[in-house]
file run_1.csv (CSV, C-alpha atoms and all ligand atoms)
chain,number,residue,atom,x,y,z
A,10,MET,CA,-85.9,18.3,-12.7
A,11,THR,CA,-83.9,20.4,-10.2
A,12,GLY,CA,-81.8,17.4,-9.4
A,13,THR,CA,-80.2,17.2,-12.8
A,14,ALA,CA,-78.1,20.4,-12.5
A,15,ALA,CA,-76.9,19.4,-9.1
A,16,SER,CA,-76.0,15.9,-10.0
A,17,LEU,CA,-74.2,17.0,-13.1
A,18,LEU,CA,-72.1,19.6,-11.2
A,19,GLU,CA,-71.2,16.8,-8.8
A,20,ARG,CA,-70.2,14.6,-11.7
A,21,LEU,CA,-68.1,17.4,-13.1
A,22,ALA,CA,-66.3,17.9,-9.8
A,23,GLN,CA,-65.6,14.2,-9.5
A,24,LEU,CA,-64.2,13.9,-13.0
A,25,GLU,CA,-62.1,17.0,-12.6
A,26,GLY,CA,-60.5,15.5,-9.5
A,27,ASP,CA,-60.0,12.1,-11.1
A,28,GLY,CA,-58.7,13.6,-14.3
A,29,LEU,CA,-56.1,15.8,-12.5
A,30,ALA,CA,-55.0,12.8,-10.6
A,31,ALA,CA,-54.7,10.6,-13.7
A,32,ILE,CA,-52.7,13.4,-15.4
A,33,GLY,CA,-50.4,13.9,-12.4
A,34,ASN,CA,-49.7,10.2,-12.1
A,35,ALA,CA,-48.9,9.7,-15.7
A,36,GLY,CA,-45.2,8.7,-15.6
A,37,ASN,CA,-44.6,8.7,-19.4
A,38,GLY,CA,-46.1,10.0,-22.6
A,39,GLU,CA,-48.1,6.9,-23.2
A,40,ALA,CA,-49.9,7.1,-19.9
A,41,LEU,CA,-50.5,10.8,-20.4
A,42,GLU,CA,-52.1,10.2,-23.8
A,43,ASP,CA,-54.3,7.5,-22.2
A,44,ALA,CA,-55.4,10.1,-19.6
A,45,ARG,CA,-56.1,12.7,-22.3
A,46,VAL,CA,-58.2,10.3,-24.3
A,47,ALA,CA,-60.1,9.1,-21.2
A,48,TYR,CA,-61.0,12.6,-20.0
A,49,LEU,CA,-60.7,15.0,-22.8
A,50,GLY,CA,-61.2,12.7,-25.8
A,51,ARG,CA,-64.2,12.8,-28.2
A,52,ASN,CA,-65.7,9.9,-26.3
A,53,GLY,CA,-64.2,10.8,-23.0
A,54,VAL,CA,-65.9,11.3,-19.7
A,55,LEU,CA,-66.0,15.1,-20.0
A,56,ALA,CA,-67.6,15.0,-23.5
A,57,ASP,CA,-70.1,12.6,-22.1
A,58,ALA,CA,-70.9,14.9,-19.2
A,59,MET,CA,-71.2,17.9,-21.5
A,60,GLY,CA,-73.6,15.9,-23.7
A,61,ALA,CA,-75.9,15.8,-20.6
A,62,ILE,CA,-76.1,19.6,-20.3
A,63,GLY,CA,-79.0,19.5,-22.7
A,64,THR,CA,-81.1,17.6,-20.0
A,65,VAL,CA,-80.5,20.3,-17.4
A,66,GLU,CA,-83.4,22.8,-16.7
A,67,PRO,CA,-82.8,25.7,-19.1
A,68,GLU,CA,-82.2,28.4,-16.5
A,69,ARG,CA,-79.3,26.4,-14.9
A,70,ARG,CA,-77.7,25.4,-18.2
A,71,PRO,CA,-75.4,28.5,-18.5
A,72,ALA,CA,-73.9,27.9,-15.0
A,73,VAL,CA,-73.4,24.2,-15.6
A,74,GLY,CA,-72.0,24.9,-19.0
A,75,GLN,CA,-69.5,27.4,-17.5
A,76,ARG,CA,-68.4,24.9,-14.9
A,77,ALA,CA,-67.9,22.2,-17.6
A,78,ASN,CA,-65.8,24.6,-19.6
A,79,ALA,CA,-63.7,25.4,-16.5
A,80,VAL,CA,-63.1,21.7,-15.9
A,81,LYS,CA,-62.1,21.3,-19.5
A,82,GLN,CA,-59.7,24.3,-19.1
A,83,ALA,CA,-58.2,22.9,-15.9
A,84,LEU,CA,-57.6,19.5,-17.4
A,85,SER,CA,-56.1,21.0,-20.6
A,86,VAL,CA,-53.7,23.2,-18.6
A,87,ALA,CA,-52.6,20.3,-16.4
A,88,LEU,CA,-52.2,18.1,-19.5
A,89,GLU,CA,-50.0,20.7,-21.2
A,90,ALA,CA,-47.9,21.2,-18.1
A,91,ALA,CA,-47.4,17.4,-17.6
A,92,SER,CA,-46.5,17.0,-21.2
A,93,THR,CA,-43.9,19.7,-21.1
A,94,ALA,CA,-42.4,18.2,-17.9
A,95,LEU,CA,-42.2,14.8,-19.5
A,96,ALA,CA,-40.6,16.2,-22.6
A,97,ALA,CA,-38.0,18.0,-20.5
A,98,ALA,CA,-37.1,14.8,-18.6
A,99,ASP,CA,-36.7,13.0,-21.9
A,100,ALA,CA,-34.4,15.7,-23.2
A,101,ASP,CA,-32.3,15.4,-20.0
A,102,ALA,CA,-32.0,11.7,-20.6
A,103,ASP,CA,-30.9,12.2,-24.2
A,104,HIS,CA,-28.4,14.9,-23.3
A,105,PRO,CA,-27.2,14.2,-19.8
A,106,THR,CA,-25.4,17.0,-18.0
A,107,ILE,CA,-22.7,14.4,-17.1
A,108,ASP,CA,-20.4,14.1,-20.1
A,109,LEU,CA,-19.6,10.4,-20.3
A,110,THR,CA,-17.0,10.9,-23.0
A,111,LEU,CA,-14.7,12.8,-20.5
A,112,PRO,CA,-11.8,10.8,-19.1
A,113,GLY,CA,-12.5,9.5,-15.6
A,114,ARG,CA,-11.2,11.3,-12.5
A,115,ARG,CA,-8.0,9.7,-11.3
A,116,THR,CA,-8.1,8.0,-7.9
A,117,TRP,CA,-4.9,8.1,-5.9
A,118,ARG,CA,-3.5,4.8,-5.1
A,119,GLY,CA,-1.2,4.2,-2.2
A,120,GLY,CA,1.8,1.8,-2.7
A,121,VAL,CA,4.3,0.0,-0.6
A,122,HIS,CA,7.7,1.7,-0.7
A,123,PRO,CA,10.3,-0.4,-2.8
A,124,VAL,CA,12.6,-0.6,0.2
A,125,THR,CA,9.7,-1.8,2.5
A,126,ARG,CA,8.9,-4.4,-0.2
A,127,VAL,CA,12.4,-5.7,-0.2
A,128,ILE,CA,12.3,-5.9,3.6
A,129,ASP,CA,9.0,-7.8,3.6
A,130,GLU,CA,10.1,-10.3,1.0
A,131,ILE,CA,13.4,-11.0,2.8
A,132,CYS,CA,11.5,-11.5,6.0
A,133,GLU,CA,9.1,-13.9,4.3
A,134,ILE,CA,11.8,-16.0,2.7
A,135,PHE,CA,13.7,-16.3,6.0
A,136,GLY,CA,10.4,-16.7,7.8
A,137,ASP,CA,10.0,-20.0,5.7
A,138,MET,CA,13.3,-21.1,7.2
A,139,GLY,CA,12.1,-20.6,10.7
A,140,PHE,CA,13.2,-17.0,11.4
A,141,THR,CA,10.9,-14.7,13.3
A,142,ARG,CA,10.9,-10.9,12.8
A,143,VAL,CA,11.7,-8.7,15.7
A,144,GLN,CA,12.4,-5.0,16.3
A,145,GLY,CA,14.8,-3.2,18.6
A,146,PRO,CA,15.6,0.3,19.8
A,147,GLU,CA,17.2,2.9,17.5
A,148,ILE,CA,18.6,4.7,20.5
A,149,GLU,CA,21.2,2.3,21.8
A,150,THR,CA,24.0,2.1,24.3
A,151,THR,CA,27.6,1.8,23.2
A,152,TRP,CA,27.7,-1.5,25.1
A,153,TYR,CA,25.1,-3.2,22.8
A,154,ASN,CA,26.2,-1.4,19.7
A,155,PHE,CA,30.0,-2.0,20.1
A,156,THR,CA,31.2,-3.7,23.3
A,157,ALA,CA,28.9,-6.8,23.3
A,158,LEU,CA,29.8,-7.2,19.6
A,159,ASN,CA,33.5,-7.4,20.4
A,160,ILE,CA,34.1,-4.0,19.0
A,161,SER,CA,36.3,-2.1,21.5
A,162,LEU,CA,35.6,1.6,21.6
A,163,ASP,CA,39.1,2.6,20.8
A,164,HIS,CA,39.3,0.1,17.9
A,165,PRO,CA,39.2,1.5,14.4
A,166,ALA,CA,36.0,-0.5,13.8
A,167,ALA,CA,34.2,1.9,16.2
A,168,ASP,CA,35.3,4.8,14.0
A,169,MET,CA,34.6,2.9,10.9
A,170,MET,CA,31.0,3.8,11.5
A,171,ASP,CA,30.8,7.4,12.2
A,172,THR,CA,28.5,7.6,15.2
A,173,PHE,CA,25.9,10.0,16.3
A,174,TYR,CA,26.3,10.4,20.0
A,175,LEU,CA,23.3,11.5,22.1
A,176,ASP,CA,24.9,11.3,25.5
A,177,ASP,CA,27.8,9.6,27.2
A,178,GLY,CA,27.5,6.0,26.2
A,179,VAL,CA,24.2,6.6,24.4
A,180,ILE,CA,24.0,6.7,20.6
A,181,LEU,CA,21.9,6.2,17.6
A,182,ARG,CA,22.6,2.6,16.6
A,183,THR,CA,25.1,2.4,13.7
A,184,HIS,CA,23.8,-1.0,12.7
A,185,THR,CA,21.1,-3.5,13.6
A,186,SER,CA,23.7,-5.9,15.0
A,187,PRO,CA,23.2,-4.8,18.6
A,188,MET,CA,19.9,-6.7,18.5
A,189,GLN,CA,22.0,-9.9,18.3
A,190,ALA,CA,23.1,-9.3,21.8
A,191,ARG,CA,19.7,-8.1,23.0
A,192,VAL,CA,17.9,-11.2,21.6
A,193,MET,CA,20.5,-13.6,23.0
A,194,GLU,CA,20.4,-12.0,26.4
A,195,ALA,CA,16.6,-12.3,26.5
A,196,SER,CA,16.3,-15.9,25.3
A,197,GLU,CA,17.9,-19.3,25.3
A,198,PRO,CA,18.9,-21.1,22.1
A,199,PRO,CA,17.7,-22.0,19.6
A,200,VAL,CA,17.5,-18.5,18.2
A,201,ARG,CA,16.5,-17.6,14.7
A,202,VAL,CA,15.6,-13.9,14.3
A,203,LEU,CA,15.5,-11.3,11.6
A,204,VAL,CA,15.7,-7.7,12.6
A,205,PRO,CA,14.8,-5.0,10.1
A,206,GLY,CA,15.2,-1.4,11.2
A,207,LEU,CA,16.9,1.9,10.7
A,208,ALA,CA,20.6,2.5,11.4
A,209,TYR,CA,22.3,5.9,11.6
A,210,ARG,CA,25.8,7.1,10.6
A,211,ARG,CA,27.3,10.5,10.1
A,212,ASP,CA,27.7,9.9,6.4
A,213,SER,CA,27.0,12.4,3.7
A,214,PHE,CA,23.8,12.0,1.8
A,215,ASP,CA,25.2,10.9,-1.6
A,216,PRO,CA,24.4,8.4,-4.4
A,217,SER,CA,25.4,5.4,-2.3
A,218,HIS,CA,25.0,6.6,1.3
A,219,ALA,CA,22.3,8.0,3.6
A,220,PRO,CA,22.7,9.1,7.2
A,221,ALA,CA,19.6,7.0,8.1
A,222,PHE,CA,19.1,3.8,6.3
A,223,GLU,CA,17.5,0.4,6.7
A,224,GLN,CA,19.4,-2.7,7.6
A,225,ILE,CA,18.2,-6.3,8.2
A,226,GLU,CA,20.1,-8.3,10.7
A,227,GLY,CA,19.9,-12.1,10.8
A,228,LEU,CA,21.0,-14.4,13.6
A,229,ALA,CA,20.7,-18.2,14.0
A,230,VAL,CA,22.2,-19.9,17.0
A,231,ASP,CA,21.8,-23.5,18.2
A,232,GLU,CA,23.9,-26.6,19.0
A,233,GLY,CA,25.6,-27.8,15.8
A,234,VAL,CA,24.9,-24.9,13.5
A,235,ASP,CA,27.8,-25.0,11.0
A,236,PHE,CA,29.1,-23.2,8.0
A,237,VAL,CA,27.3,-25.6,5.7
A,238,GLU,CA,23.9,-24.7,7.1
A,239,PHE,CA,24.9,-21.1,6.9
A,240,ARG,CA,25.8,-21.3,3.3
A,241,SER,CA,22.8,-23.2,2.3
A,242,ALA,CA,20.5,-20.7,4.1
A,243,ILE,CA,22.1,-17.8,2.2
A,244,GLN,CA,22.0,-19.7,-1.1
A,245,THR,CA,18.3,-20.5,-0.6
A,246,PHE,CA,17.6,-16.9,0.1
A,247,VAL,CA,19.6,-15.7,-3.0
A,248,ARG,CA,17.8,-18.1,-5.3
A,249,ARG,CA,14.4,-17.2,-4.1
A,250,PHE,CA,15.0,-13.5,-3.9
A,251,PHE,CA,17.1,-12.9,-7.0
A,252,GLY,CA,16.1,-15.9,-9.1
A,253,VAL,CA,17.4,-19.4,-9.6
A,254,ASP,CA,20.0,-18.4,-12.2
A,255,THR,CA,21.7,-16.0,-9.8
A,256,LYS,CA,25.0,-17.2,-8.5
A,257,SER,CA,26.5,-16.3,-5.2
A,258,ARG,CA,30.0,-16.3,-3.7
A,259,PHE,CA,31.4,-15.9,-0.2
A,260,ARG,CA,34.4,-13.6,-0.1
A,261,PRO,CA,36.6,-13.6,3.0
A,262,SER,CA,36.2,-10.4,5.1
A,263,PHE,CA,36.5,-9.1,8.6
A,264,TYR,CA,33.9,-8.2,11.2
A,265,PRO,CA,34.8,-8.1,14.9
A,266,PHE,CA,31.6,-10.1,15.8
A,267,THR,CA,32.0,-12.9,13.3
A,268,GLU,CA,34.8,-15.4,12.8
A,269,PRO,CA,35.3,-16.4,10.0
A,270,SER,CA,33.6,-13.5,8.3
A,271,ALA,CA,32.5,-13.3,4.7
A,272,GLU,CA,30.9,-10.8,2.3
A,273,VAL,CA,28.2,-12.4,0.1
A,274,ASP,CA,28.2,-11.3,-3.6
A,275,VAL,CA,25.6,-12.2,-6.2
A,276,THR,CA,25.9,-12.0,-10.0
A,277,CYS,CA,24.8,-8.6,-11.1
A,278,SER,CA,21.1,-8.6,-12.0
A,279,VAL,CA,21.7,-5.8,-14.6
A,280,CYS,CA,24.4,-7.4,-16.7
A,281,HIS,CA,24.2,-11.0,-15.5
A,282,GLY,CA,27.9,-11.1,-14.7
A,283,SER,CA,29.4,-9.6,-17.8
A,284,GLY,CA,30.2,-6.2,-16.2
A,285,CYS,CA,28.4,-2.9,-16.2
A,286,SER,CA,28.3,0.4,-14.3
A,287,THR,CA,26.0,-1.0,-11.6
A,288,CYS,CA,28.5,-3.6,-10.6
A,289,LYS,CA,31.5,-1.4,-11.3
A,290,ARG,CA,32.5,-3.8,-14.2
A,291,THR,CA,33.1,-6.7,-11.8
A,292,GLY,CA,29.9,-8.7,-12.6
A,293,TRP,CA,29.3,-9.1,-8.9
A,294,ILE,CA,27.3,-7.1,-6.3
A,295,THR,CA,27.9,-7.3,-2.6
A,296,ILE,CA,24.6,-7.9,-0.7
A,297,MET,CA,25.6,-8.6,2.8
A,298,GLY,CA,28.2,-9.0,5.5
A,299,SER,CA,28.1,-12.2,7.4
A,300,GLY,CA,29.9,-14.9,9.3
A,301,MET,CA,30.0,-17.4,12.1
A,302,VAL,CA,29.2,-15.7,15.4
A,303,ASP,CA,32.4,-15.0,17.2
A,304,PRO,CA,32.7,-16.8,20.6
A,305,ALA,CA,33.5,-13.5,22.3
A,306,VAL,CA,29.9,-12.4,21.5
A,307,PHE,CA,28.5,-15.5,23.1
A,308,GLU,CA,30.6,-14.8,26.2
A,309,ALA,CA,29.3,-11.2,26.4
A,310,VAL,CA,25.7,-12.4,26.4
A,311,GLY,CA,26.2,-15.4,28.7
A,312,TYR,CA,25.9,-18.2,26.1
A,313,ASP,CA,28.3,-21.2,26.4
A,314,PRO,CA,30.6,-20.8,23.3
A,315,GLU,CA,31.7,-24.5,23.7
A,316,ARG,CA,28.1,-25.6,23.3
A,317,TYR,CA,26.6,-23.2,20.8
A,318,THR,CA,27.5,-22.0,17.4
A,319,GLY,CA,25.7,-19.7,15.0
A,320,TYR,CA,25.8,-17.5,12.0
A,321,ALA,CA,24.9,-13.8,11.5
A,322,PHE,CA,24.4,-11.6,8.6
A,323,GLY,CA,23.5,-8.0,7.9
A,324,MET,CA,22.2,-6.4,4.7
A,325,GLY,CA,21.1,-3.1,3.3
A,326,PRO,CA,17.6,-3.3,1.7
A,327,ALA,CA,18.0,0.1,0.0
A,328,ARG,CA,21.0,-1.1,-1.8
A,329,ILE,CA,19.2,-4.3,-2.8
A,330,ALA,CA,16.2,-2.3,-4.0
A,331,MET,CA,18.7,-0.2,-6.1
A,332,VAL,CA,20.1,-3.4,-7.7
A,333,ARG,CA,16.7,-4.9,-8.3
A,334,HIS,CA,15.3,-1.8,-10.0
A,335,GLY,CA,18.5,-0.4,-11.5
A,336,ILE,CA,18.2,2.8,-9.4
A,337,PRO,CA,21.4,4.8,-9.8
A,338,ASP,CA,21.1,7.1,-6.7
A,339,MET,CA,20.1,6.1,-3.2
A,340,ARG,CA,18.7,9.6,-2.5
A,341,LEU,CA,15.9,8.8,-4.9
A,342,LEU,CA,14.6,6.2,-2.5
A,343,TYR,CA,14.7,8.6,0.5
A,344,GLU,CA,13.5,11.9,-0.9
A,345,GLY,CA,9.8,10.9,-0.9
A,346,ASP,CA,9.2,12.2,-4.5
A,347,THR,CA,5.8,10.6,-5.3
A,348,ALA,CA,6.4,10.9,-9.1
A,349,PHE,CA,9.4,8.6,-8.7
A,350,LEU,CA,7.9,6.3,-6.1
A,351,GLU,CA,4.6,5.9,-8.1
A,352,GLN,CA,6.4,3.7,-10.6
A,353,PHE,CA,6.7,1.0,-8.0
A,354,ALA,CA,3.2,1.2,-6.7
B,1,LIG,N1,26.7,-4.7,11.0
B,1,LIG,C1,27.5,-4.7,9.8
B,1,LIG,C2,27.4,-3.4,9.2
B,1,LIG,O1,26.7,-2.6,9.6
B,1,LIG,C3,26.9,-5.7,8.9
B,1,LIG,C4,27.1,-7.1,9.3
B,1,LIG,C5,28.2,-7.8,8.9
B,1,LIG,C6,26.2,-7.7,10.1
B,1,LIG,C7,28.5,-9.1,9.3
B,1,LIG,C8,26.4,-9.0,10.6
B,1,LIG,C9,27.5,-9.7,10.1
B,1,LIG,O2,25.6,-9.7,11.3
B,1,LIG,O3,27.8,-11.0,10.5
B,1,LIG,O4,28.1,-3.1,8.3
call {"tool": "encode", "arguments": {"input": "run_1.csv", "output": "structure tokens"}}
result
Amino acid sequence: MTGTAASLLERLAQLEGDGLAAIGNAGNGEALEDARVAYLGRNGVLADAMGAIGTVEPERRPAVGQRANAVKQALSVALEAASTALAAADADADHPTIDLTLPGRRTWRGGVHPVTRVIDEICEIFGDMGFTRVQGPEIETTWYNFTALNISLDHPAADMMDTFYLDDGVILRTHTSPMQARVMEASEPPVRVLVPGLAYRRDSFDPSHAPAFEQIEGLAVDEGVDFVEFRSAIQTFVRRFFGVDTKSRFRPSFYPFTEPSAEVDVTCSVCHGSGCSTCKRTGWITIMGSGMVDPAVFEAVGYDPERYTGYAFGMGPARIAMVRHGIPDMRLLYEGDTAFLEQFA
């Protein structure tokens, strides 16, 4: 019966390998318990193999018995280790190292600057009326900035806007109006453009002035453009931008490049016309300068003033943003303080 010991040792080796694999593959407590019952249980494969030791030739019995005990030991150790590992994983799941009760980490959100928003909205509204958005140079010649716009250099209007000179005849534009001349020089009527951009003046930085500030210029030129079309375009804009209940009025004014000229006022959005500090107790806020294009400007750019007429306007989006949000000091809009700007994000 020499074969009995050898075949039993083989059987033990096989069940040790299978048992360790079954224990190692058990992904949860239930599977591990199944493996324990199958290999180490009272009716398991190891008990069965051990029961066969009695059939082995007596002199080989101690060796086979030792081997069987070693297998039992190996399976028990593996079972213990697997059970500890599963318990630890369970504990992790019950008490995760991430504390879900903590407030979430804040993600920073970018926002469009309130002045940029005003510009975009104005461009959209006039865009619906056929105006296209164009840009022009901030470094400008005195010819486009003043002369072409009928502002003679020795006229008080040229001093009215304290100018940054870069060189003889070269300046930082004091308004976006020079683009009127550039656009008309470059194209034939009909013209309908909107020009947002920065303008520069040697003004102190105070609650209502900034040395660099946005403007939006508008220009419409064609045959038969009259004051009625002009007024209705502005009224359409005011209703859409400020709301249908906002009233507007045209107040006679003077600009060298428009004749007649008018300033456009709207009822104060803070007090709705009854008078407050924003509107200096008048109930009205001035939002733009405007008028019918002066024939002298058409002559300067080579348009026939007998054939064409047009209107032009210029507004300050920062001032409009201040009115819209009740911001008392223009500097707040230009200092880049994120705590302030975040409110509008
Ligand atoms: N350029 C003027 C300014 O800076 C604003 C202005 C007034 C523009 C009347 C116009 C206009 O086009 O017709 O104060």
call {"tool": "residues_near_ligand", "arguments": {"input": "run_1.csv", "ligand": "ligand LIG 1 (chain B)", "cutoff": "8 Å", "atoms": "all atoms listed in the file", "output": "list in words"}}
result
Met170, Thr183, His184, Thr185, Ser186, Gln189, Gln224, Glu226, Gly227, Leu228, Tyr264, Phe266, Thr267, Ser270, Ala271, Glu272, Met297, Gly298, Ser299, Gly300, Met301, Val302, Tyr320, Ala321, Phe322, Gly323 and Met324 of chain A
call {"tool": "closest_residue", "arguments": {"input": "run_1.csv", "among": "A:Ala15, A:Leu111, A:Ala22, A:Ala90", "to": "Arg69 (chain A)", "atoms": "only C-alpha atoms"}}
result
A:Ala15
call {"tool": "atom_distance", "arguments": {"input": "run_1.csv", "atom1": "CA of Lys289 (chain A)", "atom2": "CA of Ala348 (chain A)"}}
result
28.0 Å
call {"tool": "atom_distance", "arguments": {"input": "run_1.csv", "atom1": "CA of Arg20 (chain A)", "atom2": "CA of Val73 (chain A)"}}
result
10.8 Å
call {"tool": "residues_around", "arguments": {"input": "run_1.csv", "residues": "region 193-207 of chain A", "least_positions_apart": "5", "cutoff": "10 Å", "atoms": "all atoms listed in the file", "output": "PyMOL selection string"}}
result
chain A and resi 125+128-129+131-132+135-136+138-147+181-186+188+220-232+234+306-307+309-312+317-326
call {"tool": "residues_around", "arguments": {"input": "run_1.csv", "residues": "region 240-249 of chain A", "least_positions_apart": "6", "cutoff": "9 Å", "atoms": "only C-alpha atoms", "output": "MDAnalysis selection string"}}
result
chainID A and resid 131 134:135 138 255:257 259 273 275
call {"tool": "atom_distance", "arguments": {"input": "run_1.csv", "atom1": "CA of Arg115 (chain A)", "atom2": "CA of Thr347 (chain A)"}}
result
15.1 Å
call {"tool": "closest_residue", "arguments": {"input": "run_1.csv", "among": "A:Leu49, A:Ala190, A:Ala56, A:Val121", "to": "Trp152 (chain A)", "atoms": "only C-alpha atoms"}}
result
A:Ala190
call {"tool": "closest_residue", "arguments": {"input": "run_1.csv", "among": "A:Ile160, A:Ala72, A:Leu29, A:Leu21", "to": "Val54 (chain A)", "atoms": "only C-alpha atoms"}}
result
A:Leu21
call {"tool": "closest_residue", "arguments": {"input": "run_1.csv", "among": "A:Ile62, A:Ala354, A:Val86, A:Ala208", "to": "Ala327 (chain A)", "atoms": "only C-alpha atoms"}}
result
A:Ala208
call {"tool": "residues_around", "arguments": {"input": "run_1.csv", "residues": "His218 (chain A)", "least_positions_apart": "4", "cutoff": "12 Å", "atoms": "only C-alpha atoms", "output": "ChimeraX atom specification"}}
result
/A:208-214,222-223,325,327-328,331,337-343
call {"tool": "decode", "arguments": {"input": "run_1.csv", "residues": "region 263-314 of chain A", "atoms": "C-alpha atoms", "output": "short mmCIF file (atom, residue, chain, number, x, y, z; two decimals), in the first residue's frame"}}
result
data_model
loop_
_atom_site.label_atom_id
_atom_site.label_comp_id
_atom_site.auth_asym_id
_atom_site.auth_seq_id
_atom_site.Cartn_x
_atom_site.Cartn_y
_atom_site.Cartn_z
CA PHE A 263 -23.82 121.76 -28.23
CA TYR A 264 -21.17 119.55 -29.85
CA PRO A 265 -19.06 120.78 -32.76
CA PHE A 266 -19.70 117.57 -34.75
CA THR A 267 -23.51 117.52 -34.48
CA GLU A 268 -26.16 120.07 -35.40
CA PRO A 269 -28.59 120.17 -33.76
CA SER A 270 -27.13 118.49 -30.68
CA ALA A 271 -28.95 117.02 -27.75
CA GLU A 272 -28.20 115.37 -24.47
CA VAL A 273 -30.45 112.42 -23.69
CA ASP A 274 -31.76 112.09 -20.16
CA VAL A 275 -33.69 109.14 -18.71
CA THR A 276 -35.82 109.08 -15.57
CA CYS A 277 -33.64 108.12 -12.63
CA SER A 278 -33.76 104.37 -12.09
CA VAL A 279 -33.10 104.80 -8.36
CA CYS A 280 -35.97 107.20 -7.44
CA HIS A 281 -38.06 106.83 -10.64
CA GLY A 282 -38.09 110.59 -11.14
CA SER A 283 -38.97 111.88 -7.68
CA GLY A 284 -35.42 113.09 -6.96
CA CYS A 285 -32.56 111.49 -5.04
CA SER A 286 -28.81 111.82 -4.58
CA THR A 287 -28.01 109.71 -7.65
CA CYS A 288 -29.82 112.15 -9.95
CA LYS A 289 -28.85 115.20 -7.87
CA ARG A 290 -32.56 115.73 -6.99
CA THR A 291 -33.53 116.36 -10.63
CA GLY A 292 -35.24 113.02 -11.30
CA TRP A 293 -33.22 112.71 -14.54
CA ILE A 294 -29.90 111.14 -15.47
CA THR A 295 -27.95 112.12 -18.57
CA ILE A 296 -26.90 109.02 -20.51
CA MET A 297 -25.52 110.37 -23.77
CA GLY A 298 -24.54 113.22 -25.99
CA SER A 299 -25.99 113.08 -29.49
CA GLY A 300 -27.24 114.89 -32.51
CA MET A 301 -27.56 115.03 -36.28
CA VAL A 302 -24.16 114.76 -37.94
CA ASP A 303 -22.85 118.21 -38.81
CA PRO A 304 -22.39 118.73 -42.60
CA ALA A 305 -18.82 119.88 -41.87
CA VAL A 306 -17.99 116.32 -40.74
CA PHE A 307 -19.39 114.86 -43.98
CA GLU A 308 -17.24 117.30 -45.93
CA ALA A 309 -14.13 116.32 -43.99
CA VAL A 310 -14.59 112.63 -44.88
CA GLY A 311 -15.74 113.21 -48.47
CA TYR A 312 -19.47 112.44 -48.11
CA ASP A 313 -21.91 114.67 -49.99
CA PRO A 314 -23.74 116.65 -47.26
#
